[in-house]
Structure formats: structure tokens, C-alpha cells
There are 2 protein chains.
Amino acid sequence: MEIPSVVIERLPLYARALEALAHEGREVVSSQELGQRLGVTPAQIRKDLSYFGRFGKQGRGYNVQNLLSALRQILGLDRQWRMALVGVGRLGRAIVQYEGFAPQGFRIVHAFDADPRIVGQEVNGLTVRDVSELEEVLAREPVEIGIVAVPALVAQEVIDRLVRAGVRAILNYAPITARVPRGVQIRRVDPVLALQSMTYYLRQGSNAQSAK
Amino acid sequence: MEIPSVVIERLPLYARALEALAHEGREVVSSQELGQRLGVTPAQIRKDLSYFGRFGKQGRGYNVQNLLSALRQILGLDRQWRMALVGVGRLGRAIVQYEGFAPQGFRIVHAFDADPRIVGQEVNGLTVRDVSELEEVLAREPVEIGIVAVPALVAQEVIDRLVRAGVRAILNYAPITARVPRGVQIRRVDPVLALQSMTYYLRQGSNAQSAK
DNA sequence: TGGCCAATGTTATAAATTGCACAAGCATTC
DNA sequence: GAATGCTTGTGCAATTTATAACATTGGCCA
């Protein structure tokens, strides 16, 4: 069965909320309460989960730990993922130092840059390599995920190279809409786009609400 | 007329592609070509634009400059926007120094933190203030947009305060699903969620494609 | 042990979104 | 100045996504 990508994209949200609940020591949660926390209807949660099986108990709800484990397994979060960063400028450095990846099992194991002044530097225990070595290094020590933090003008090229080197998932921080072959995942991280869609609703006399 | 938020969220993409075209010296572009660049069907582009007026010429396409100006005005990008950052830790510092905001008219004018070791520091020409002064400062020098880069545990509280202080748009870097009143815009910037939805498709034997 | 309550899983319905297809219109060429 | 080719704007159909409703089932309590 083909599961809609909108559904897949909501699952990490559910997982995160369950983590919080587990932290609070909660054993059971209903779709009602989970939905309230996430701003999602209970029906949607039940529908989403039903794509993967039956995790709840009528009259009670979901066991927090059970459902969390199930979601982790579904999403592949029950393992470590290796990542290669390309572009170690200001943004790239911030990405390397971001504390949010490791606790979730995402580890940056390679860092590449084209600037000879940056190549060789040590960043957070990682030695920056020349981007010309990308293919070679990934052949020797493969990664599952690529992170792109290079200038817009070279981003597509870098993405192409990552894909040719076997990377099947890319997190793109560059402000472009990159094209990737079918079967390769790509996600954009772009605060400016987010801002630019919000300003629409802020315009004087906009009157727009979009509580959707 | 109520314009779907999915449409609004695509407009900045169009604007960005048009900027690139303008840079290349292109005068005219068809929905066909624009769509190709963005991985969107030409019909969708035409439909989206038709919510706002008639910008093209049959047989020719769209004048790049004209359409870009129109989109800028629709989105409110033809002015400056002031932003207040809350949370000047590692992530917050990276946000202050991010070079992508200013060229698009987004300027951080206040920075707040709760840590006395950080308060008073100068970051990129901005003096970090104590978060307790948030309301006071925003009353004197208002901003349109708030940026939240605080730990998850206090994020909702900070967001509530920003909203009460009159901020109607929030860019949230904290890993929570925050609730805001109707009429307040909020966008999440969360690389981990992006990663966690990609791993689903990477799982061994997943066979999933999602070219969608 | 039987009945009641609560929340699931699922089917049906509604809403939103996308894509198709084509008439209409502009520009260019002959 | 008519014909041709190309691309827009838009009504309609198809698809996707979300919501509602409800029969079903597990747990609990008397």
C-alpha cells in the first residue's frame, strides 16, 4: 500500500509529542489528548496510525511507550544515521554545532568545503576536507544523508554530486529549489521562505486570518 | 475571497525563481519554464497567480520584472520587517549572524536572553537584553515578527508573551508544536523533523519512492 | 459475571487541492 | 491583413486529503 507523504510527515510530530509524554511519566494517551497538544484532530491521528496497524485499545487509548516504539521503527529512528555536510561557512559551522541532531540519532561524520582557508580546519572534532575528495571519501565511508549549506549558485551541482555518490536523502539549506531524481528524498530548510509567507498575512489591511 | 494557504506558501518560491531569472537578464518567462525550474506544473502556477489578477500575455508569457514586483507587493516584500529574537544561545547567535535575512528586508532589531552571562553581550552589533524587559522594549520599539530560539521547555511561554506583546507572526526554531491564537501566524523551522520524515523512505526494504 | 463507558478502527462523507483541456488573445510572419 | 503558433486564464473533472460518524471492543465496576 502506498502511504501518502503528508501522513509520513506527521509521524515525527506524533513521535515527538509521545517523547514528551513519556518524559512526563504518562503511560497512556488518547488520540483526543494527543491531537489537542499538536493542533490536529483526533480522527486524523487515528487515521494516520491505521495505515500501519492497530496500536490502541478501545476505551483506553494508546500506550505511550508502545506507540512511540512503533513509530520509531516505522520511521527508522531506531538506528543511527550518518550524514555528510557540504559547506562549512557560517551556516555550515552552526549546523555542525547544532545539538539537536545527535540525541535523535543523526551524526555528521564528514564535512566538506571548497575554500582552501577552511579545508583542514577542525570543527567540533571534525576535520574539514576538500570537496574534491567528496566522491572518494563517500566511497570509502558512505553516509545515508547529505546536508547542503553552500551558496545558491553551486547548490544544485553539489546535490547532483551527492546523489551520484549514492546519497539518497538530502537536507538542503541553500535557497534554491533543487531537482533530484525519483527515489531521492530532499527537504528544504529555509527560514526566509517561512517569513515571506507570513508577511502576506501581516500586510496592512490584509484581514487574512488563516487559522486553517 | 479567501486564498488557500498552500497557494500563499508557493508564492515566495515563484518570487525567488523570478529573482534568479531577472539576474540572468531574462525579460519574459512562461509558466511552462517557471514550472520546470521549480518542479511544479505550469497549470498550478497559472492557477495560483489567477487568484490575484492577470499578469501574463497570451502567446508570450510573463514579464519577469512585472510579475516579480506584483508578487513582492502581494506578499508584502516591498518593505522592511523588524524582528525580535528570543534566545541567544548557539542557535540564536547563528540566526543573528545569518546573512540571508537582510537582503530580503528582514532585520533583527532586538535580541533577548534569560541567561545573565549572555545578557549585555554584543552580538553582530546588537546588545542582548534581559528577557524580562521584553514587553517593555516591544511597547517602545515594536516589531512585526518574533523569532524563538529558546529551549523546548520554555518555548510556548515565550511565544505566549510575544503574542501578548502584539507580535502577530512567529518563526519558531524550538522543537515543539506551539499553539497560537487565531490570527497569529507561526512557522516551524525544524531540520530534525525533516530528517525524520526522510528516514522513512531510507529504511531497508522500504521500496518507497515518493516522487510526488 | 454482566452491563456500562470510553476510545479505537474504519467506513462514509465532505472539503480541499491539483491537473486537464480548451477558448481566447497576443505577436509574428508571410 | 490574414494566418499561424504559442501561452494565458479558467471552468470542470479527478484526485487527494480531512472530517465526521458509528459499530466494535476492551476494561472496569458492581
# chains A, B, ... in the order shown; residues from 1 in each chain; ligands from 1

call {"tool": "interface_residues", "arguments": {"of": "chain A", "to": "chain D", "cutoff": "10 Å", "atoms": "only C-alpha atoms (C1' of nucleotides)", "output": "PyMOL selection string"}}
result
chain A and resi 4+6-7+41-44+47+57-60

call {"tool": "calpha_fit_and_write", "arguments": {"fixed": "chain B", "moving": "chain A", "output": "short mmCIF file (atom, residue, chain, number, x, y, z; two decimals) with C-alpha atoms, in the first residue's frame"}}
result
data_model
loop_
_atom_site.label_atom_id
_atom_site.label_comp_id
_atom_site.auth_asym_id
_atom_site.auth_seq_id
_atom_site.Cartn_x
_atom_site.Cartn_y
_atom_site.Cartn_z
CA MET A 1 -12.08 35.86 -1.54
CA GLU A 2 -10.24 33.46 0.71
CA ILE A 3 -6.96 32.36 -0.79
CA PRO A 4 -5.73 28.89 0.20
CA SER A 5 -2.63 28.95 2.36
CA VAL A 6 -0.94 26.36 0.14
CA VAL A 7 -1.07 28.93 -2.60
CA ILE A 8 0.39 31.66 -0.40
CA GLU A 9 3.21 29.36 0.56
CA ARG A 10 4.15 28.79 -3.06
CA LEU A 11 4.33 32.45 -3.98
CA PRO A 12 7.72 33.09 -2.31
CA LEU A 13 9.06 30.22 -4.39
CA TYR A 14 7.87 31.87 -7.56
CA ALA A 15 9.32 35.18 -6.42
CA ARG A 16 12.67 33.63 -5.77
CA ALA A 17 12.81 31.94 -9.17
CA LEU A 18 11.86 35.22 -10.81
CA GLU A 19 14.68 36.95 -8.96
CA ALA A 20 17.09 34.43 -10.41
CA LEU A 21 15.65 34.94 -13.89
CA ALA A 22 15.92 38.71 -13.54
CA HIS A 23 19.52 38.24 -12.53
CA GLU A 24 20.12 36.27 -15.68
CA GLY A 25 18.72 39.17 -17.63
CA ARG A 26 15.59 37.36 -18.77
CA GLU A 27 12.68 39.61 -19.67
CA VAL A 28 9.93 37.11 -20.21
CA VAL A 29 9.15 33.67 -18.86
CA SER A 30 6.35 31.19 -19.47
CA SER A 31 4.54 29.21 -16.82
CA GLN A 32 6.03 26.19 -18.55
CA GLU A 33 9.61 27.23 -17.95
CA LEU A 34 8.99 28.56 -14.46
CA GLY A 35 7.30 25.29 -13.59
CA GLN A 36 10.19 23.30 -14.93
CA ARG A 37 12.63 25.17 -12.72
CA LEU A 38 10.53 24.72 -9.62
CA GLY A 39 9.22 21.24 -10.17
CA VAL A 40 5.65 22.48 -10.38
CA THR A 41 3.14 22.06 -13.20
CA PRO A 42 2.56 25.11 -15.38
CA ALA A 43 -1.16 24.81 -14.71
CA GLN A 44 -0.59 25.21 -11.02
CA ILE A 45 1.41 28.37 -11.49
CA ARG A 46 -1.24 29.92 -13.71
CA LYS A 47 -3.96 28.89 -11.31
CA ASP A 48 -2.12 30.29 -8.32
CA LEU A 49 -1.48 33.61 -10.01
CA SER A 50 -5.06 33.85 -11.20
CA TYR A 51 -6.17 34.33 -7.60
CA PHE A 52 -4.56 37.75 -7.69
CA GLY A 53 -5.10 39.00 -11.20
CA ARG A 54 -3.91 38.68 -14.76
CA PHE A 55 -0.19 39.13 -15.07
CA GLY A 56 0.67 37.40 -18.31
CA LYS A 57 0.18 37.94 -21.97
CA GLN A 58 -1.20 35.21 -24.17
CA GLY A 59 1.33 33.90 -26.58
CA ARG A 60 4.25 35.42 -24.68
CA GLY A 61 4.24 34.61 -21.00
CA TYR A 62 5.02 36.80 -18.03
CA ASN A 63 7.24 39.82 -17.89
CA VAL A 64 9.76 38.86 -15.25
CA GLN A 65 10.08 42.26 -13.61
CA ASN A 66 6.36 42.92 -13.63
CA LEU A 67 5.43 39.62 -12.11
CA LEU A 68 8.19 39.87 -9.54
CA SER A 69 7.01 43.31 -8.47
CA ALA A 70 3.45 42.09 -8.29
CA LEU A 71 4.39 39.13 -6.12
CA ARG A 72 6.51 41.32 -3.89
CA GLN A 73 3.59 43.59 -3.32
CA ILE A 74 1.15 40.75 -2.75
CA LEU A 75 3.45 39.16 -0.20
CA GLY A 76 4.40 42.43 1.44
CA LEU A 77 8.03 42.07 0.47
CA ASP A 78 8.22 45.64 -0.77
CA ARG A 79 9.01 46.90 2.72
CA GLN A 80 11.24 46.26 5.70
CA TRP A 81 10.17 43.96 8.53
CA ARG A 82 11.50 44.24 12.05
CA MET A 83 12.09 41.13 14.10
CA ALA A 84 12.85 40.33 17.71
CA LEU A 85 14.93 37.30 18.58
CA VAL A 86 14.41 35.49 21.86
CA GLY A 87 17.17 33.09 22.85
CA VAL A 88 20.78 33.96 22.05
CA GLY A 89 22.44 30.63 22.67
CA ARG A 90 24.37 28.87 19.97
CA LEU A 91 21.41 28.63 17.68
CA GLY A 92 20.28 32.20 18.37
CA ARG A 93 23.72 33.53 17.61
CA ALA A 94 23.74 31.71 14.31
CA ILE A 95 20.37 33.25 13.51
CA VAL A 96 21.58 36.76 14.27
CA GLN A 97 24.54 36.24 12.01
CA TYR A 98 22.60 34.61 9.19
CA GLU A 99 23.21 36.65 6.05
CA GLY A 100 20.01 35.55 4.34
CA PHE A 101 17.55 37.78 6.17
CA ALA A 102 18.77 41.30 5.46
CA PRO A 103 18.82 41.12 1.65
CA GLN A 104 15.16 40.16 1.77
CA GLY A 105 14.18 43.02 4.02
CA PHE A 106 14.09 41.17 7.33
CA ARG A 107 16.03 42.84 10.12
CA ILE A 108 16.57 41.68 13.67
CA VAL A 109 16.32 44.75 15.89
CA HIS A 110 16.08 43.18 19.36
CA ALA A 111 17.71 40.19 20.98
CA PHE A 112 16.65 38.78 24.34
CA ASP A 113 18.01 36.09 26.61
CA ALA A 114 17.39 34.90 30.15
CA ASP A 115 20.97 33.92 30.96
CA PRO A 116 22.74 36.75 32.85
CA ARG A 117 26.02 35.68 31.29
CA ILE A 118 24.59 36.37 27.86
CA VAL A 119 22.60 39.50 28.68
CA GLY A 120 24.66 42.57 27.86
CA GLN A 121 26.77 40.82 25.27
CA GLU A 122 27.09 42.40 21.88
CA VAL A 123 26.16 40.10 19.00
CA ASN A 124 26.56 41.37 15.48
CA GLY A 125 26.09 44.95 16.64
CA LEU A 126 23.10 44.11 18.79
CA THR A 127 23.11 44.30 22.59
CA VAL A 128 21.38 41.34 24.20
CA ARG A 129 18.70 42.42 26.66
CA ASP A 130 17.21 40.57 29.57
CA VAL A 131 14.06 38.74 28.52
CA SER A 132 12.24 40.30 31.44
CA GLU A 133 12.34 43.56 29.53
CA LEU A 134 10.62 42.02 26.52
CA GLU A 135 7.22 43.63 27.01
CA GLU A 136 8.67 46.99 27.84
CA VAL A 137 11.03 47.07 24.89
CA LEU A 138 8.41 45.90 22.41
CA ALA A 139 6.00 48.52 23.68
CA ARG A 140 8.57 51.20 22.97
CA GLU A 141 9.99 49.75 19.76
CA PRO A 142 7.54 47.27 18.27
CA VAL A 143 8.39 44.54 15.81
CA GLU A 144 6.19 42.64 13.40
CA ILE A 145 7.85 39.26 13.76
CA GLY A 146 9.25 37.22 16.64
CA ILE A 147 11.95 34.58 16.33
CA VAL A 148 12.04 31.93 19.03
CA ALA A 149 15.29 30.04 19.66
CA VAL A 150 14.89 29.03 23.28
CA PRO A 151 14.84 25.54 24.83
CA ALA A 152 11.69 23.51 24.18
CA LEU A 153 10.54 23.73 27.77
CA VAL A 154 10.11 27.48 27.76
CA ALA A 155 9.25 27.99 24.10
CA GLN A 156 5.47 28.03 24.48
CA GLU A 157 5.73 30.53 27.30
CA VAL A 158 7.96 32.83 25.27
CA ILE A 159 5.58 32.58 22.33
CA ASP A 160 2.65 33.48 24.55
CA ARG A 161 4.49 36.54 25.77
CA LEU A 162 5.40 37.63 22.27
CA VAL A 163 1.79 37.30 21.19
CA ARG A 164 0.56 39.27 24.19
CA ALA A 165 3.12 41.92 23.32
CA GLY A 166 1.46 42.31 19.94
CA VAL A 167 3.61 40.15 17.69
CA ARG A 168 1.45 38.60 14.99
CA ALA A 169 3.98 36.35 13.29
CA ILE A 170 6.43 33.91 14.83
CA LEU A 171 9.29 31.91 13.41
CA ASN A 172 9.78 29.01 15.76
CA TYR A 173 13.11 27.20 15.91
CA ALA A 174 12.24 25.34 19.13
CA PRO A 175 11.33 21.67 18.72
CA ILE A 176 7.73 21.97 19.85
CA THR A 177 4.36 22.34 18.22
CA ALA A 178 3.30 25.65 19.65
CA ARG A 179 -0.27 26.86 19.92
CA VAL A 180 -1.10 30.41 18.93
CA PRO A 181 -4.40 32.25 18.84
CA ARG A 182 -6.30 32.60 15.61
CA GLY A 183 -4.90 35.41 13.53
CA VAL A 184 -1.32 34.84 14.62
CA GLN A 185 0.99 33.26 12.09
CA ILE A 186 3.55 30.69 13.11
CA ARG A 187 6.05 28.69 11.10
CA ARG A 188 8.30 25.96 12.32
CA VAL A 189 11.93 25.64 11.26
CA ASP A 190 12.97 22.18 12.25
CA PRO A 191 15.68 20.23 10.43
CA VAL A 192 15.20 17.21 12.68
CA LEU A 193 11.59 16.76 11.62
CA ALA A 194 12.73 16.96 8.02
CA LEU A 195 15.34 14.27 8.63
CA GLN A 196 12.91 12.07 10.47
CA SER A 197 10.46 12.01 7.61
CA MET A 198 13.20 11.22 5.11
CA THR A 199 14.48 8.23 7.03
CA TYR A 200 11.15 6.53 6.48
CA TYR A 201 12.01 6.24 2.81
CA LEU A 202 15.55 5.08 3.54
CA ARG A 203 14.66 2.14 5.71
CA GLN A 204 16.01 -1.11 4.40
CA GLY A 205 13.44 -2.76 2.18
CA SER A 206 11.29 0.33 2.28
CA ASN A 207 10.91 0.37 -1.46
CA ALA A 208 9.18 3.68 -1.04
CA GLN A 209 9.74 6.33 -3.65
CA SER A 210 7.54 9.31 -3.06
CA ALA A 211 8.36 11.32 -6.11
CA LYS A 212 4.82 12.55 -5.52
#

call {"tool": "interface_residues", "arguments": {"of": "chain C", "to": "chain B", "cutoff": "10 Å", "atoms": "only C-alpha atoms (C1' of nucleotides)", "output": "PyMOL selection string"}}
result
chain C and resi 16-20+24-27

call {"tool": "write_last_selection", "arguments": {"atoms": "N, CA and C atoms (P, O5', C5', C4', C3', O3' and C1' of nucleotides)", "output": "short mmCIF file (atom, residue, chain, number, x, y, z; two decimals), in the first residue's frame"}}
result
data_model
loop_
_atom_site.label_atom_id
_atom_site.label_comp_id
_atom_site.auth_asym_id
_atom_site.auth_seq_id
_atom_site.Cartn_x
_atom_site.Cartn_y
_atom_site.Cartn_z
P DA C 16 -12.74 23.59 2.74
"O5'" DA C 16 -11.37 23.14 2.06
"C5'" DA C 16 -10.59 22.14 2.70
"C4'" DA C 16 -9.54 21.66 1.73
"C3'" DA C 16 -8.87 22.76 0.92
"O3'" DA C 16 -7.49 22.58 1.13
"C1'" DA C 16 -9.58 20.97 -0.49
P DT C 17 -6.40 23.63 0.57
"O5'" DT C 17 -5.91 22.87 -0.72
"C5'" DT C 17 -5.42 21.55 -0.59
"C4'" DT C 17 -5.19 20.97 -1.96
"C3'" DT C 17 -4.48 21.90 -2.94
"O3'" DT C 17 -3.20 21.34 -3.14
"C1'" DT C 17 -6.28 20.71 -3.96
P DT C 18 -2.16 21.98 -4.19
"O5'" DT C 18 -2.48 21.09 -5.48
"C5'" DT C 18 -2.46 19.67 -5.37
"C4'" DT C 18 -2.89 19.06 -6.68
"C3'" DT C 18 -2.14 19.58 -7.90
"O3'" DT C 18 -1.54 18.46 -8.52
"C1'" DT C 18 -4.48 19.55 -8.29
P DG C 19 -0.60 18.63 -9.81
"O5'" DG C 19 -1.62 18.33 -10.99
"C5'" DG C 19 -2.22 17.05 -11.08
"C4'" DG C 19 -3.15 17.03 -12.26
"C3'" DG C 19 -2.51 17.48 -13.58
"O3'" DG C 19 -2.86 16.51 -14.55
"C1'" DG C 19 -4.48 18.72 -13.16
P DC C 20 -2.37 16.61 -16.05
"O5'" DC C 20 -3.74 16.83 -16.82
"C5'" DC C 20 -4.92 16.18 -16.35
"C4'" DC C 20 -6.10 16.63 -17.20
"C3'" DC C 20 -5.75 16.90 -18.66
"O3'" DC C 20 -6.78 16.33 -19.43
"C1'" DC C 20 -6.75 18.82 -17.70
P DA C 24 -14.10 31.69 -27.17
"O5'" DA C 24 -12.80 32.45 -26.66
"C5'" DA C 24 -12.68 32.82 -25.29
"C4'" DA C 24 -11.47 33.72 -25.13
"C3'" DA C 24 -11.37 34.81 -26.20
"O3'" DA C 24 -10.96 36.01 -25.55
"C1'" DA C 24 -9.41 33.49 -26.22
P DG C 25 -10.71 37.35 -26.38
"O5'" DG C 25 -9.13 37.45 -26.37
"C5'" DG C 25 -8.42 37.40 -25.13
"C4'" DG C 25 -6.95 37.58 -25.44
"C3'" DG C 25 -6.64 38.69 -26.43
"O3'" DG C 25 -5.41 39.27 -26.04
"C1'" DG C 25 -5.83 36.67 -27.26
P DC C 26 -5.22 40.84 -26.09
"O5'" DC C 26 -3.71 40.94 -26.57
"C5'" DC C 26 -2.69 40.40 -25.74
"C4'" DC C 26 -1.64 39.77 -26.61
"C3'" DC C 26 -1.03 40.70 -27.66
"O3'" DC C 26 0.31 40.97 -27.28
"C1'" DC C 26 -1.39 38.48 -28.49
P DA C 27 1.27 41.92 -28.07
"O5'" DA C 27 2.03 40.87 -28.98
"C5'" DA C 27 2.79 39.83 -28.37
"C4'" DA C 27 3.51 39.06 -29.45
"C3'" DA C 27 4.20 39.93 -30.50
"O3'" DA C 27 5.41 39.29 -30.87
"C1'" DA C 27 2.65 38.54 -31.56
#

call {"tool": "select_by_dssp", "arguments": {"residues": "segment 8-170 of chain B", "states": "alpha helix (DSSP H)", "output": "ChimeraX atom specification"}}
result
/B:8-23,31-38,42-50,64-75,90-97,134-140,152-164

call {"tool": "select_by_dssp", "arguments": {"residues": "segment 1-78 of chain B", "states": "strand (DSSP E or B)", "output": "list of chain:residue names"}}
result
B:Val28, B:Val29, B:Gly56, B:Lys57, B:Gly61, B:Tyr62, B:Asn63
